[in-house]
Amino acid sequence: MSDGSQPALSPASEEDAGDEDRSRQPLSRLIDRLAARRASDRLTLTLLVAWFQDRATLALLMIFGILNMLPNPPGSSMILGMPMLYLSLAMLLDRRPWFPRVIMERGISSAMVATIAARASPVLRRCERLMRPRLHALSEGWAYRVSGLLCLILSIILILPVPLGNIPPAACMTALALALAMRDGLGVLLVWALSLTCLVLMSGIIVATVLLVARVATGFLS
């Protein structure tokens, strides 16, 4: 697994220079530390990739998954889901996270990171206490690519304009990213099962929605 990182363009503090090894710190703690720093109004993806180091793909997938589960204006899932599409593709190809430059230079607001830390970190900490490194083969290599494929399909469903269709896929991708980051193969296996169930249910909802729209359109035109 080659989930690498890219150097920040303009580090906000000495910690961002890359001297500190954060690879063994829980992601929940790194999110809390990032929220506490409040270095600027907006944290670019370039800075976030550097902050999470070798777990940047999984950490960002988890962050955007959490954002998609928070209350957002209608249509936000299309915007918040696009980074997840890129991250899923990076997992599938087993490459480090990559975004177009225009996206890398934008990122998310400090206030949004603070909201994630306040609402999600307690849940993340409880999950991290339950997880532990085991069944490593299911968290790397071919299994990592399978997880990327699942996330890619889920992210496509998340982007579609389906009522409340963003929460189940986002929850599955968030849980899968956390299990992979913790190298918990058993957790990965459980989330695979949940993700497949989610795909079946969401596919049924999408088909039903399309049929309903087609019936309404036909009745309107006839």
# chains A, B, ... in the order shown; residues from 1 in each chain; ligands from 1
$ closest_atom_pairs --of "segment 109-149 of chain A" --to "segment 60-65 of chain A" --cutoff "10 Å" --atoms "only C-alpha atoms" --output "CSV"
residue,atom,partner,partner_atom,distance
A:Met112,CA,A:Ile63,CA,10.0
A:Val113,CA,A:Ile63,CA,8.5
A:Ile116,CA,A:Ile63,CA,7.6
A:Ala117,CA,A:Ile63,CA,9.9
A:Ala120,CA,A:Ile63,CA,9.4
$ closest_atom_pairs --of "segment 132-163 of chain A" --to "segment 72-80 of chain A" --cutoff "12 Å" --atoms "only C-alpha atoms" --output "JSON lines"
{"residue": "A:Ser155", "atom": "CA", "partner": "A:Met78", "partner_atom": "CA", "distance": 9.5}
{"residue": "A:Ile156", "atom": "CA", "partner": "A:Met78", "partner_atom": "CA", "distance": 9.3}
{"residue": "A:Ile157", "atom": "CA", "partner": "A:Met78", "partner_atom": "CA", "distance": 9.9}
{"residue": "A:Leu158", "atom": "CA", "partner": "A:Ser77", "partner_atom": "CA", "distance": 6.6}
{"residue": "A:Ile159", "atom": "CA", "partner": "A:Met78", "partner_atom": "CA", "distance": 4.5}
{"residue": "A:Leu160", "atom": "CA", "partner": "A:Met78", "partner_atom": "CA", "distance": 7.1}
{"residue": "A:Pro161", "atom": "CA", "partner": "A:Gly75", "partner_atom": "CA", "distance": 7.2}
{"residue": "A:Val162", "atom": "CA", "partner": "A:Gly75", "partner_atom": "CA", "distance": 9.7}
{"residue": "A:Pro163", "atom": "CA", "partner": "A:Pro74", "partner_atom": "CA", "distance": 9.1}
$ residues_around --residues "Thr44 of chain A" --least-positions-apart "5" --cutoff "9 Å" --atoms "only C-alpha atoms" --output "count of residues only"
9
$ select_by_dssp --residues "segment 82-172 of chain A" --states "helix (DSSP H, G or I)" --output "ChimeraX atom specification"
/A:82-92,101-104,110-119,121-130,136-139,141-159,167-172
$ closest_atom_pairs --of "segment 90-129 of chain A" --to "segment 50-59 of chain A" --cutoff "10 Å" --atoms "only C-alpha atoms" --output "Markdown table"
| residue | atom | partner | partner_atom | distance |
| --- | --- | --- | --- | --- |
| A:Ala90 | CA | A:Thr57 | CA | 7.6 |
| A:Met91 | CA | A:Thr57 | CA | 7.5 |
| A:Arg95 | CA | A:Thr57 | CA | 9.1 |
| A:Arg96 | CA | A:Thr57 | CA | 6.9 |
| A:Pro97 | CA | A:Thr57 | CA | 5.4 |
| A:Trp98 | CA | A:Thr57 | CA | 8.9 |
$ select_by_dssp --residues "segment 42-188 of chain A" --states "strand (DSSP E or B)" --output "MDAnalysis selection string"
chainID A and resid 42:43 108:109 134 184
$ closest_residue --among "A:Leu194, A:Leu70, A:Met182, A:Ala208" --to "Thr115 of chain A" --atoms "only C-alpha atoms"
A:Leu70
$ closest_atom_pairs --of "segment 107-210 of chain A" --to "segment 23-38 of chain A" --cutoff "7 Å" --atoms "only C-alpha atoms" --output "JSON lines"
{"residue": "A:Ser110", "atom": "CA", "partner": "A:Arg38", "partner_atom": "CA", "distance": 6.2}
{"residue": "A:Val113", "atom": "CA", "partner": "A:Ala35", "partner_atom": "CA", "distance": 5.6}
{"residue": "A:Ala114", "atom": "CA", "partner": "A:Ala35", "partner_atom": "CA", "distance": 4.8}
{"residue": "A:Ala117", "atom": "CA", "partner": "A:Asp32", "partner_atom": "CA", "distance": 5.4}
{"residue": "A:Ser121", "atom": "CA", "partner": "A:Ser28", "partner_atom": "CA", "distance": 5.4}
{"residue": "A:Leu124", "atom": "CA", "partner": "A:Ser28", "partner_atom": "CA", "distance": 5.9}
{"residue": "A:Arg125", "atom": "CA", "partner": "A:Ser28", "partner_atom": "CA", "distance": 6.1}
